[in-house]
file data-v8.txt (compact mmCIF, C-alpha atoms)
# COMPACT_ATOMS: atom_id res chain seq x y z
CA GLU A 25 41.44 13.47 110.22
CA ALA A 26 43.83 16.28 109.17
CA GLU A 27 40.95 18.75 109.11
CA MET A 28 39.95 17.72 112.64
CA LYS A 29 43.52 18.29 113.85
CA ASP A 30 43.61 21.76 112.24
CA GLU A 31 40.24 22.61 113.79
CA LEU A 32 41.41 21.36 117.19
CA TYR A 33 44.56 23.52 116.93
CA LYS A 34 42.67 26.64 115.93
CA GLU A 35 39.87 26.31 118.46
CA ILE A 36 41.71 25.07 121.55
CA ILE A 37 45.49 24.80 121.27
CA GLU A 38 46.08 28.16 119.59
CA PRO A 39 44.12 30.26 122.15
CA ILE A 40 45.77 28.45 125.07
CA GLN A 41 49.22 28.94 123.55
CA SER A 42 48.51 32.61 123.04
CA ALA A 43 47.48 32.91 126.68
CA LEU A 44 50.65 31.19 127.79
CA ASN A 45 52.80 33.49 125.63
CA LEU A 46 51.02 36.45 127.18
CA SER A 47 51.82 35.01 130.60
CA MET A 48 55.51 34.87 129.80
CA LEU A 49 55.54 38.48 128.63
CA SER A 50 53.73 39.71 131.74
CA GLY A 51 55.98 38.00 134.23
CA GLY A 52 54.02 34.81 134.64
CA GLN A 53 50.70 36.39 135.63
CA PHE A 54 47.81 36.07 133.20
CA ASP A 55 44.04 35.86 133.11
CA MET A 56 42.70 32.27 132.64
CA THR A 57 39.25 33.50 131.64
CA PRO A 58 39.81 33.34 127.84
CA VAL A 59 41.20 29.80 128.12
CA LEU A 60 38.28 28.60 130.23
CA GLU A 61 35.80 30.15 127.81
CA VAL A 62 37.42 28.31 124.88
CA VAL A 63 37.35 24.98 126.73
CA LYS A 64 33.71 25.46 127.79
CA ARG A 65 32.59 26.43 124.29
CA ARG A 66 34.36 23.49 122.67
CA ARG A 67 33.03 21.12 125.29
CA GLU A 68 29.44 21.97 124.35
CA GLU A 69 30.21 21.82 120.63
CA ILE A 70 31.92 18.42 120.95
CA LYS A 71 28.97 17.13 123.00
CA ASP A 72 26.50 18.22 120.30
CA GLU A 73 28.61 16.69 117.56
CA PHE A 74 28.92 13.42 119.48
CA LEU A 75 25.17 13.20 120.10
CA LYS A 76 24.47 13.83 116.42
CA LYS A 77 26.78 10.97 115.45
CA VAL A 78 25.09 8.72 118.01
CA TYR A 79 21.63 9.56 116.65
CA ASP A 80 22.73 9.03 113.06
CA ARG A 81 24.21 5.65 113.92
CA ALA A 82 21.10 4.66 115.89
CA GLU A 83 18.89 5.49 112.89
CA LYS A 84 20.98 3.26 110.64
CA ILE A 85 20.88 0.40 113.16
CA CYS A 86 17.11 0.78 113.57
CA ALA A 87 16.64 0.68 109.80
CA ARG A 88 18.66 -2.54 109.55
CA GLU A 89 16.76 -4.12 112.46
CA LYS A 90 13.43 -3.12 110.96
CA LYS A 91 14.37 -4.82 107.69
CA ARG A 92 15.57 -7.93 109.55
CA ILE A 93 12.34 -8.18 111.57
CA GLU A 94 10.22 -7.72 108.45
CA ASP A 95 12.17 -10.51 106.75
CA GLN A 96 11.66 -12.77 109.78
CA PHE A 97 7.93 -12.01 109.82
CA THR A 98 7.63 -12.84 106.13
CA GLU A 99 9.74 -16.00 106.25
CA GLY A 100 8.16 -17.16 109.52
CA GLY A 101 4.59 -16.76 108.24
CA PHE A 102 3.56 -13.96 110.59
CA TYR A 103 1.50 -11.96 108.09
CA SER A 104 -0.42 -14.92 106.67
CA GLU A 105 -1.14 -16.34 110.12
CA PHE A 106 -2.13 -12.93 111.50
CA SER A 107 -4.76 -12.60 108.77
CA LYS A 108 -6.28 -15.87 110.03
CA VAL A 109 -6.28 -14.50 113.57
CA LEU A 110 -8.22 -11.44 112.36
CA HIS A 111 -10.84 -13.80 110.98
CA ASP A 112 -11.03 -15.66 114.31
CA ILE A 113 -11.46 -12.52 116.36
CA VAL A 114 -14.85 -11.79 114.78
CA ILE A 115 -16.04 -15.41 114.93
CA TYR A 116 -14.78 -16.88 118.20
CA PRO A 117 -14.61 -15.50 121.75
CA THR A 118 -10.82 -15.50 121.56
CA ALA A 119 -8.27 -15.45 118.73
CA ILE A 120 -4.86 -17.00 119.36
CA LEU A 121 -1.45 -16.51 117.76
CA LYS A 122 1.52 -18.70 118.65
CA GLY A 123 5.10 -17.49 118.31
CA VAL A 124 7.95 -17.06 118.32
CA VAL A 125 8.55 -20.81 117.90
CA LEU A 126 11.82 -22.06 116.42
CA ARG A 127 11.21 -24.70 113.75
CA LYS A 128 13.34 -26.55 111.25
CA VAL A 129 12.49 -25.82 107.62
CA ARG A 130 13.97 -26.89 104.31
CA ARG A 131 15.10 -24.27 101.80
CA PHE A 132 16.36 -24.59 98.25
CA VAL A 133 19.59 -22.68 97.58
CA THR A 134 19.61 -21.57 93.95
CA ASN A 135 23.32 -20.71 93.85
CA ASN A 136 24.53 -24.29 94.28
CA ARG A 137 21.13 -25.98 93.74
CA THR A 138 21.09 -27.77 97.10
CA VAL A 139 18.50 -28.23 99.84
CA VAL A 140 19.50 -27.07 103.32
CA GLU A 141 17.82 -27.26 106.71
CA LEU A 142 17.46 -24.03 108.68
CA THR A 143 16.05 -23.19 112.09
CA ILE A 144 13.92 -20.06 111.85
CA PRO A 145 11.46 -18.20 114.11
CA THR A 146 7.89 -19.01 113.04
CA TYR A 147 4.31 -18.05 113.90
CA ASN A 148 1.01 -19.88 113.52
CA ARG A 149 -2.64 -19.37 114.25
CA VAL A 150 -4.04 -21.76 116.86
CA SER A 151 -7.64 -22.91 116.73
CA PRO A 152 -9.52 -22.02 119.93
CA PHE A 153 -10.80 -25.62 119.90
CA ASP A 154 -7.21 -26.85 120.32
CA ILE A 155 -6.35 -24.81 123.43
CA PHE A 156 -7.08 -26.02 126.98
CA PRO A 157 -6.06 -23.53 129.70
CA ALA A 158 -5.96 -24.30 133.40
CA ARG A 159 -9.19 -23.94 135.33
CA ASN A 160 -9.79 -20.33 136.44
CA ALA A 161 -6.90 -19.11 134.22
CA THR A 162 -7.31 -15.61 132.81
CA ASN A 163 -4.24 -15.67 130.56
CA PHE A 164 -1.72 -18.11 129.15
CA ASP A 165 0.65 -17.82 132.09
CA ASP A 166 -1.95 -18.68 134.74
CA GLY A 167 -1.12 -22.31 135.50
CA TYR A 168 -0.67 -25.03 132.91
CA LEU A 169 -1.71 -24.93 129.27
CA ILE A 170 -2.34 -27.73 126.76
CA GLU A 171 -2.45 -27.35 122.99
CA VAL A 172 -3.48 -30.15 120.64
CA ILE A 173 -1.13 -30.24 117.64
CA HIS A 174 -2.12 -32.18 114.53
CA LEU A 175 0.89 -33.72 112.80
CA THR A 176 1.45 -36.19 110.00
CA PRO A 177 3.76 -39.19 110.49
CA GLN A 178 6.26 -37.50 108.17
CA GLN A 179 6.30 -34.36 110.33
CA LEU A 180 6.86 -36.50 113.41
CA TYR A 181 9.66 -38.40 111.73
CA GLU A 182 11.47 -35.17 110.84
CA LEU A 183 11.72 -34.41 114.58
CA ILE A 184 14.07 -37.35 115.12
CA GLY A 185 17.46 -35.96 116.10
CA VAL A 186 16.09 -32.62 117.30
CA GLU A 187 17.25 -31.79 120.82
CA GLY A 188 14.70 -32.74 123.47
CA PHE A 189 12.83 -35.32 121.37
CA ILE A 190 12.89 -39.02 122.26
CA GLU A 191 13.66 -41.01 119.12
CA ASP A 192 12.52 -44.43 120.34
CA ASN A 193 9.09 -43.14 121.36
CA ILE A 194 8.65 -41.25 118.09
CA ARG A 195 9.36 -44.41 116.12
CA THR A 196 6.95 -46.37 118.33
CA VAL A 197 4.14 -43.85 117.77
CA ILE A 198 4.71 -43.84 114.01
CA GLY A 199 4.64 -47.63 114.02
CA LEU A 200 1.38 -47.74 115.98
CA TYR A 201 -0.53 -44.86 114.40
CA GLY A 202 1.28 -44.02 111.17
CA ASP A 203 -1.34 -45.78 109.02
CA THR A 204 -4.47 -45.30 111.11
CA GLY A 205 -3.90 -41.90 112.70
CA TYR A 206 -4.58 -41.06 116.32
CA ARG A 207 -7.31 -38.78 117.66
CA GLU A 208 -7.50 -37.65 121.26
CA ALA A 209 -10.70 -38.98 122.85
CA MET A 210 -11.62 -35.56 124.26
CA LEU A 211 -11.77 -34.18 120.70
CA SER A 212 -13.80 -36.93 119.05
CA GLY A 213 -17.46 -36.45 118.17
CA GLY A 214 -17.64 -33.03 119.79
CA GLU A 215 -18.62 -29.50 118.87
CA LYS A 216 -15.33 -28.95 117.05
CA GLU A 217 -16.11 -31.53 114.35
CA ILE A 218 -19.67 -30.31 113.95
CA LEU A 219 -18.70 -26.67 113.53
CA GLU A 220 -15.77 -27.43 111.23
CA GLY A 221 -17.63 -30.09 109.24
CA ASP A 222 -14.95 -32.68 110.01
CA THR A 223 -16.44 -35.81 111.55
CA GLN A 224 -14.04 -38.32 110.03
CA LEU A 225 -10.73 -39.34 111.59
CA GLN A 226 -7.92 -38.39 109.25
CA PRO A 227 -5.79 -41.51 108.73
CA ASP A 228 -2.63 -39.47 108.24
CA THR A 229 -2.99 -37.22 111.30
CA ILE A 230 -1.69 -37.86 114.80
CA ASP A 231 -2.89 -35.68 117.68
CA VAL A 232 -0.07 -34.54 119.96
CA LEU A 233 -0.68 -32.97 123.37
CA GLU A 234 1.75 -30.12 123.97
CA TYR A 235 1.94 -29.37 127.69
CA TRP A 236 3.26 -26.12 129.17
CA GLY A 237 3.56 -26.01 132.95
CA ASN A 238 5.51 -26.88 136.08
CA VAL A 239 7.02 -30.29 136.84
CA LYS A 240 9.07 -31.36 139.84
CA GLY A 241 12.82 -31.64 139.31
CA GLU A 242 13.10 -35.29 140.37
CA TYR A 243 10.82 -36.39 137.52
CA LEU A 244 12.70 -34.28 135.00
CA LYS A 245 15.96 -35.92 136.03
CA GLU A 246 14.42 -39.32 135.36
CA TRP A 247 13.60 -38.14 131.85
CA GLY A 248 17.15 -36.86 131.36
CA VAL A 249 16.28 -33.16 131.07
CA LYS A 250 19.36 -30.93 131.10
CA GLY A 251 19.65 -27.95 133.45
CA VAL A 252 17.79 -29.51 136.40
CA ASP A 253 19.74 -29.11 139.66
CA ASP A 254 17.18 -29.41 142.48
CA ASP A 255 14.93 -32.47 142.90
CA ASP A 256 12.40 -30.53 144.97
CA ALA A 257 12.19 -27.44 142.77
CA TYR A 258 9.51 -26.99 140.12
CA TYR A 259 10.62 -26.14 136.60
CA ASP A 260 8.70 -24.65 133.67
CA ILE A 261 8.74 -27.16 130.84
CA CYS A 262 7.30 -28.00 127.44
CA ALA A 263 6.38 -31.65 126.85
CA TRP A 264 4.78 -33.59 123.98
CA LEU A 265 2.59 -36.63 124.60
CA VAL A 266 0.84 -39.08 122.25
CA ASP A 267 -1.32 -41.65 124.00
CA ASN A 268 1.03 -42.81 126.79
CA TYR A 269 4.25 -42.05 124.92
CA LEU A 270 6.38 -39.05 125.86
CA LEU A 271 7.90 -37.61 122.68
CA LYS A 272 9.58 -34.49 124.01
CA VAL A 273 10.44 -32.78 127.27
CA VAL A 274 12.56 -29.62 127.55
CA LEU A 275 12.79 -26.65 129.87
CA ASN A 276 10.79 -23.62 128.78
CA PRO A 277 13.29 -21.54 126.75
CA ASP A 278 11.81 -18.31 128.13
CA PRO A 279 13.81 -17.30 131.25
CA LEU A 280 10.62 -16.01 132.91
CA GLY A 281 8.64 -19.13 132.05
CA LYS A 282 6.24 -17.32 129.71
CA LYS A 283 4.41 -19.35 127.09
CA PRO A 284 4.71 -18.41 123.38
CA TYR A 285 1.07 -17.44 122.88
CA THR A 286 -0.86 -14.22 122.44
CA LYS A 287 -4.64 -13.83 122.48
CA ALA A 288 -7.19 -11.13 121.77
CA SER A 289 -10.97 -10.85 121.99
CA PHE A 290 -13.39 -8.50 120.28
CA ILE A 291 -14.99 -7.98 123.70
CA GLU A 292 -12.68 -8.51 126.65
CA ILE A 293 -14.36 -10.06 129.70
CA PRO A 294 -12.55 -9.30 132.99
CA ASP A 295 -11.10 -12.30 134.82
CA SER A 296 -11.96 -14.62 131.93
CA PHE A 297 -9.62 -16.46 129.55
CA TRP A 298 -12.25 -16.50 126.82
call {"tool": "encode", "arguments": {"input": "data-v8.txt", "output": "structure tokens"}}
result
Amino acid sequence: EAEMKDELYKEIIEPIQSALNLSMLSGGQFDMTPVLEVVKRRREEIKDEFLKKVYDRAEKICAREKKRIEDQFTEGGFYSEFSKVLHDIVIYPTAILKGVVLRKVRRFVTNNRTVVELTIPTYNRVSPFDIFPARNATNFDDGYLIEVIHLTPQQLYELIGVEGFIEDNIRTVIGLYGDTGYREAMLSGGEKEILEGDTQLQPDTIDVLEYWGNVKGEYLKEWGVKGVDDDDAYYDICAWLVDNYLLKVVLNPDPLGKKPYTKASFIEIPDSFW
């Protein structure tokens, strides 16, 4: 700081003071050109110095953000799930990656040897057999979208207490299908089982329909959804359904109503989802 003050005095204050002293000796008339030249030169130098500091700081911030994103990708399973998507892209018409999706996970803290629950951004590969876009849709945001999620009773139980989930209905579904499992009729005995070699109903798996689309405000109010102001307006939502039991209904967290999916095809067909 002292060096900056000395530099400021030598470069700006001293020349101006000299010009003022000259003015006093010459009866108050002096040439302002030297003073203006000093101010102009220092203005450009200060601008360059400021920009350099901004760039240096931006590089440090970018480095920290890059490390944070890499940590999130690793912890959220991005790299492992992306490798599965690469496999899909050469086998199926379309490969699908889901994310970012916030999920609760359990982590063991070695310092105090305790287990804690964290909410982290995650990613997962979605089987093309489990995605049902709207008719004539060309991308995920064209109309509604349904994904079939396969969960165990334990995974369903862990959702009790999470905002947006309906505890009573979760307990009812676990009571009905916890021992026998539940398979959506549209998925039974079809091409999916033949291709994947899985023709038996898994007793510990419950199929959940995850719906992304628009629903009228009056129905959302009946379900107790927060943030719904207009009965006649249509809101982008995410809802979970098992059989006839609604397990979850929340507004789409994306402010533009976009769905958390990305797809790619080895050969893109215009105006086609697949």
call {"tool": "residues_around", "arguments": {"input": "data-v8.txt", "residues": "range 169-185 of chain A", "least_positions_apart": "3", "cutoff": "7 Å", "atoms": "only C-alpha atoms", "output": "JSON, numbers by chain"}}
result
{"A": [154, 155, 156, 157, 158, 164, 189, 191, 194, 198, 202, 228, 229, 230, 231, 232, 233, 234, 235, 236, 237]}
call {"tool": "closest_atom_pairs", "arguments": {"input": "data-v8.txt", "of": "range 143-202 of chain A", "to": "range 245-254 of chain A", "cutoff": "12 Å", "atoms": "all atoms listed in the file", "output": "Markdown table"}}
result
| residue | atom | partner | partner_atom | distance |
| --- | --- | --- | --- | --- |
| A:Glu187 | CA | A:Val249 | CA | 10.4 |
| A:Gly188 | CA | A:Val249 | CA | 7.8 |
| A:Phe189 | CA | A:Val249 | CA | 10.5 |
| A:Ile190 | CA | A:Trp247 | CA | 9.7 |
call {"tool": "residues_around", "arguments": {"input": "data-v8.txt", "residues": "range 95-109 of chain A", "least_positions_apart": "5", "cutoff": "10 Å", "atoms": "all atoms listed in the file", "output": "list in words"}}
result
Glu89, Lys90, Val114, Ile115, Tyr116, Thr118, Ala119, Ile120, Leu121, Lys122, Gly123, Val124, Val125, Leu126, Arg127, Val129, Ile144, Pro145, Thr146, Tyr147, Asn148, Arg149, Val150, Ser151, Lys287 and Ala288 of chain A
call {"tool": "atom_distance", "arguments": {"input": "data-v8.txt", "atom1": "CA of Tyr258 in chain A", "atom2": "CA of Leu244 in chain A"}}
result
9.5 Å
call {"tool": "closest_residue", "arguments": {"input": "data-v8.txt", "among": "A:Arg131, A:Asn276, A:Asp72, A:Ile113", "to": "Ile291 in chain A", "atoms": "only C-alpha atoms"}}
result
A:Ile113
call {"tool": "residues_around", "arguments": {"input": "data-v8.txt", "residues": "Phe132 in chain A", "least_positions_apart": "5", "cutoff": "12 Å", "atoms": "all atoms listed in the file", "output": "PyMOL selection string"}}
result
chain A and resi 137-142
call {"tool": "axis_aligned_box", "arguments": {"input": "data-v8.txt", "around": "range 107-113 of chain A", "padding_each_side": "5 Å", "output": "lines of an AutoDock Vina configuration file"}}
result
center_x = -8.1
center_y = -13.7
center_z = 112.6
size_x = 16.7
size_y = 14.4
size_z = 17.6
call {"tool": "atom_distance", "arguments": {"input": "data-v8.txt", "atom1": "CA of Arg195 in chain A", "atom2": "CA of Glu208 in chain A"}}
result
18.9 Å
call {"tool": "atom_distance", "arguments": {"input": "data-v8.txt", "atom1": "CA of Glu242 in chain A", "atom2": "CA of Asn268 in chain A"}}
result
19.7 Å
